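Asks: The following block contains the structure, expressed as structure tokens.
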Amino acid sequence: MNFPPRDNSGQFSVDRVPSPDNAKDGLRGEGTPPTSADLVDGGVQNGAGVRGPRARRAAPVHLCRHCGAPLAEGAARESGFCCSGCAYVHRLVHEHGLEGYYKIRDSVIAPADQVVFQPRDYVWLAELQQQAEAKDTTTPPELTLDVQGISCAGCVWLIEKVYHQQKGALHIETDAQLGRLRFRWTRGEFDASAYARALQSFNYLVGPQGEEPAVPESKFLVRRIGLCAAFMMNVMLFALPAYFGMERGFAYAGLFDTLSMVFATLSVLAGGTYFLGRAWHALRDRVMHIDLPIAVGIVGSYAGSVYGWLSGNHSVVYFDFVATFILLMLVGRWGQIVAVERNRRRLLSAQARPHKVAVDTPRGLVDRPVEELAAGDIFSVRSGQVVPVEAQLESTSATFGTAWITGEADPREARAGARVPAGAVNLGRGVIRLRAAQPWTASLLAQLLRPTGRGQYRHRLLERVVAGYLAGIFAVATLTALGWWFGTHDVARTWAAVTAVLVVSCPCAIGLAYPLADEMATVALRRFGVFVRENDLFPRLSRIRQLIFDKTGTLTLETPVLANPETLHALAPPARAALFALVRDNPHPVSQSLNETLLADGLTLGLAPAVGEVREETGCGVTLRSALGLWSLGRPGWRAQTVHAVIRHESGEAHDTEFACDGVVLARFRFTDSARPGARAELAALRAAGYGTFILSGDRAEKVQRMAGDLGIPAANAIAGATPEEKAQWLKRTDARDTLMLGDGANDSLAFDAAFARGTPVIHRGVLEAKADFYYLGRGLGGLRRLFAVNDTRRRTQLVLIVFSVAYNCTTVAAAALGHMNPLIAAVIMPASSLLSLAIVGVGMRRWLKVG
């Protein structure tokens with residue numbers, strides 16, 4: 001199957017054309033949205049607080065038909081989709097016969113990002129393709145790219161299906177674990193840029209191959225788990241006969257004991273050393289890490305068992321316990337790590353800084369790395385590209401976007417000689433020329449994109465629990481040794497009692513179930529579009545009391561919202577085709593908003609963009625000369641002379657943009673820089689739960705204050721006009737290790753460095769993703785409340801685990817100290833305690849795992 005023609009913005013034109021009257025039905029699709037039983041003990045959170053009232057089990061949870069996320073009430077629930085991106089991708093999947101994706105994908109995936117509607121520069125990919133085809137003409141060319149957005153086997157299936165629908169495609173391999181594609185094609189037939197745009201429309205982004213990633217820790221753990229599982233089964237094979245009545249005088253009893261010791265030793269070497277090494281590093285750094293009690297349990301039980309094997313005292317031989325304990329601890333740690341690694345792998349590794357610029361030289365334009373850019377160099381920037389350094393405009397005029405670098409949402413028009421800040425985006429359709437005023441090393445953009453490290457957060461509560469646990473176990477072991485020695489003067493019985501104390505006190509609840517609670521919380525949050533990137537996020541969240549929001553792109557969407565979409569629906573097909581041609585590859589925010597609505601509402605189905613030359617008049621708008629006339633989109637009064645009769649005049653109403661043909665206005669579009677859907681209710685709920693809310697923005701004071709008023713944020717908590725450095729300084733003054741910074745642009749980078757915790761709603765810019773502790777997707781802010789709610793549940797569950805662990809250890813350690821413990825009893829109570837620990841976690845986290 002071949003895809004239909006595709007424009008530079010990366011969208012397809014498809015076949016069916018719903019009328020304006022049934023456009024919403026076209027979004028809704030056949031049938032009704034799927035539902036599931038509501039959440040137990042709390043349900044979907046409401047606007048009154050983080051933890052809402054108990055929901056009735058009979059109440060259905062409406063789920064997005066594409067991503068599976070719960071739908072809020074209102075238009076989203078009516079359409080069956082959580083956002084316009086999901087509606088667009090869902091329709092695209094069905095239009096191209098790829099419905100099988102929904103049969104094999106996970107039940108809940110990430111919502112479609114707004115990037116599916118946005119133009120993206122793939123010139124770098126065309127250059128890579130040319131280089132690959134020029135290398136060796138005797139074999140098919142090959143490329144390896146990083147890919148963002150893979151979350152399940154369904155994603156791999158879809159990516160490869162889309163590839164094989166491209167002309168000239170030969171072979172593709174997808175490494176989901178590393179987020180990487182390797183593909184070969186027929187020279188002269190395949191278009192790598194077209195394939196990248198096709199993937200972008202399905203919510204997958206490709207980027208240049210980054211540095212060869214280190215082998216994930218989870219992969220190392222899988223290897224250890226495989227070995228330790230084999231060793232454990234062999235230990236059990238030779239230990240079970242003794243439990244089932246094998247006499248010590250049996251001819252092979254000694255051999256069985258020796259083989260149990262050998263396989264237990266191999267288990268310690270293959271898996272136990274993982275915890276022993278981490279415990280040693282923790283001691284060296286003077287940190288009470290969770291691996292310390294695990295290491296003590298391994299050393300104590302193994303050393304005691306070796307002594308029993310050597311001395312022939314079989315009452316202290318616990319090799320089966322050693323092997324089983326190591327395997328369980330490895331499984332628990334793997335589960336905790338793999339959930340976070342999966343979220344990290346969804347992101348591209350390459351940063352968003354411009355890698356090359358076209359510099360004017362006596363030999364003509366030459367592509368140079370931005371690091372070689374010097375003051376005085378004249379360079380060119382294409383449409384949608386970032387200006388890497390502060391520069392002076394050489395072209396006659398240009399339009400720039402500075403939202404992600406200064407926080408100002410409105411585009412700026414500039415004339416020749418104007419200063420252009422580093423990080424500004426060329427919003428025009430053509431190439432502009434600038435003169436560099438500084439080298440890359442002195443650029444603000446270089447400073448904002450510079451990677452910074454941050455130390456792991458020390459979980460003080462867990463450290464106190466670990467310290468208390470170790471002190472208690474060593475104290476009991478010492479008292480047991482003294483008591484039995486002075487009471488019996490029998491070394492064997494004394495050592496047996498001490499070994500039993502160390503064995504039964506092994507921290508199964510903390511080592512296995514504690515990480516499992518983190519893993520289940522991470523998986524539960526993924527269902528709500530929140531993706532945890534750092535293992536220490538959850539303990540950090542417990543300290544958060546102040547929420548600091550950037551405005552543009554964080555509290556608002558990335559593009560302005562079309563306030564009167566019905567005007568777009570009322571246009572005749574020829575007018576929609578002309579409008580689509582004007583906005584489809586235009587990076588201007590207004591064009592992006594119109595383009596998103598056209599595609600998401602299915603208004604381009606069956607329509608090819610109008611043919612003609614598109615021209616731009618900086619600061620005014622764009623025009624298209626086609627066979628039907630001169631089409632224009634721009635400021636009111638720019639090209640319009642008369643008003644079409646179908647347009648209703650509303651007194652006192654401002655219209656931002658006019659769409660006209662031969663001077664006759666066909667539509668007037670109104671745009672608002674409004675908050676994300678449901679933002680006011682979400683922020684009110686967070687304040688009711690005790691969190692302070694702030695806006696920290698570089699935008700103008702009047703816009704920031706208006707946004708604060710709309711969202712119910714106190715005026716004193718709305719800081720406007722802040723530079724990136726001023727944002728960071730404000731956070732340093734405010735932070736008491738209790739701030740969560742939420743931002744989306746490069747201007748928030750320094751503030752991220754100063755904040756105690758940080759999150760971002762945007763992952764396609766390659767700026768803040770690598771610094772964020774988590775990222776959240778979708779159009780609303782509901783994920784933030786669920787982040788705190790899930791963390792509250794996780795923390796309560798882990799407190800119950802600690803109480804259970806203390807009670808279990810007090811009982812079993814007391815029995816061991818009094819001499820009532822033997823290997824058979826230990827072999828029974830250890831898995832029993834592990835199962836009880838897992839049950840506690842399952843019951844505690846069940847409310848969040850029932851969604852979907």
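So you can find residues: chains in the structure tokens are A, B, ... in the order shown, residues in each start at 1, and ligands are numbered from 1 in order.
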List every residue of segment 162-338 of chain A that DSSP, applied to the backbone of this structure, assigns to helix (DSSP H, G or I), and report them as a PyMOL selection string.
Replies: chain A and resi 162-164+192-201+217-243+253-284+291-311+314-316+319-338
Asks: Give me, as a PyMOL selection string, the residues of segment 488-720 of chain A that a backbone DSSP run labels strand (DSSP E or B).
Replies: chain A and resi 530-532+546-549+556+561-562+613-617+621-626+629-634+642-643+657-661+664-669+671-672+675+692-696+718-719
Asks: Suppose you want the space between atom CA of Thr273 of chain A and atom CA of Ala839 of chain A; what is it in Å?
Replies: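 Taking atom CA of Thr273 of chain A as the start and atom CA of Ala839 of chain A as the end point, the length is 28.3 Å.
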Asks: Could you list, as a list in words, every residue within 10 Å of Val366 of chain A, counting only C-alpha atoms and ignoring same-chain residues fewer than 4 positions away?
Replies: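 Once the nearby chain positions are removed, what remains is Lys356, Val357, Ala358, Val359, Asp360, Thr361, Pro362 and Phe379 of chain A.
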Asks: Show me, as a list in words, the residues that have an atom within 8 Å of Phe202 of chain A when counting only C-alpha atoms, minus same-chain residues fewer than 2 positions from it.
Replies: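 Counting only C-alpha atoms, the residues come to Val89, Leu92, Val93, Ala112, Val116, Ala198, Leu199, Gln200 and Tyr204 of chain A.
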Asks: Can you tell me which residues surround Arg105 of chain A at a distance of at most 7 Å, considering only C-alpha atoms, apart from same-chain residues fewer than 5 positions away, and format the answer as a VMD selection string?
Replies: chain A and resid 152 to 155
Asks: Export C-alpha atoms of the chosen residues as a PDB file, in the first residue's frame?
Replies:
ATOM      1  CA  CYS A 152       5.363  -1.601  23.130  1.00  0.00           C
ATOM      2  CA  ALA A 153       5.461  -4.356  20.527  1.00  0.00           C
ATOM      3  CA  GLY A 154       2.643  -2.612  18.680  1.00  0.00           C
ATOM      4  CA  CYS A 155       4.902   0.389  18.086  1.00  0.00           C
TER       5      CYS A 155
END
Asks: Give me the residues near segment 784-787 of chain A as a PyMOL selection string, where near means some atom within 8 Å (using only C-alpha atoms) and where sequence neighbours in that chain fewer than 4 positions away do not count.
Replies: chain A and resi 45+50+525+528+530+682+685-686+776+791
Asks: Between atom CA of Ala467 of chain A and atom CA of Phe486 of chain A, measure the distance and give it in Å to one decimal.
Replies: 28.4 Å
Asks: As a PyMOL selection string, please: the residues near segment 262-271 of chain A (cut-off 7 Å, only C-alpha atoms, same-chain neighbours under 3 positions excluded).
Replies: chain A and resi 224+227-228+231+234-235+258-259+274+319+322-323+326
Asks: Generate the output file for the selected residues, C-alpha atoms, as a PDB file, in the first residue's frame.
Replies:
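Result went into selection-v7.pdb, see below:
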ATOM      1  CA  ARG A 224      22.141 -12.271  36.588  1.00  0.00           C
ATOM      2  CA  LEU A 227      21.972 -17.472  36.030  1.00  0.00           C
ATOM      3  CA  CYS A 228      20.687 -17.235  39.589  1.00  0.00           C
ATOM      4  CA  PHE A 231      21.553 -22.022  40.271  1.00  0.00           C
ATOM      5  CA  ASN A 234      19.861 -26.797  41.163  1.00  0.00           C
ATOM      6  CA  VAL A 235      20.296 -25.984  44.860  1.00  0.00           C
ATOM      7  CA  THR A 258      28.595 -30.334  48.210  1.00  0.00           C
ATOM      8  CA  LEU A 259      26.661 -29.609  45.019  1.00  0.00           C
ATOM      9  CA  TYR A 274      25.650  -6.996  42.739  1.00  0.00           C
ATOM     10  CA  PHE A 319      22.191 -22.851  50.892  1.00  0.00           C
ATOM     11  CA  VAL A 322      20.758 -18.132  50.073  1.00  0.00           C
ATOM     12  CA  ALA A 323      20.053 -18.955  46.426  1.00  0.00           C
ATOM     13  CA  ILE A 326      19.382 -13.629  45.986  1.00  0.00           C
TER      14      ILE A 326
END
Asks: Go through segment 78-148 of chain A residue by residue and, counting only C-alpha atoms, keep those with an atom at most 7 Å from segment 593-603 of chain A; for each kept residue give the shortest atom pair and its distance in Å to one decimal, ordered by chain and increasing number, as CSV.
Replies:
residue,atom,partner,partner_atom,distance
A:Ser84,CA,A:Ala600,CA,5.3
A:Gly85,CA,A:Ala600,CA,6.7
A:Ala87,CA,A:Ala600,CA,6.4
A:Tyr88,CA,A:Ala600,CA,4.9
A:Phe117,CA,A:Glu596,CA,5.5
Asks: Kindly give the distance, in Å, that separates atom CA of Leu205 of chain A and atom CA of Gly179 of chain A, rounded to a single decimal.
Replies: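 Atom CA of Leu205 of chain A sits 10.5 Å away from atom CA of Gly179 of chain A.
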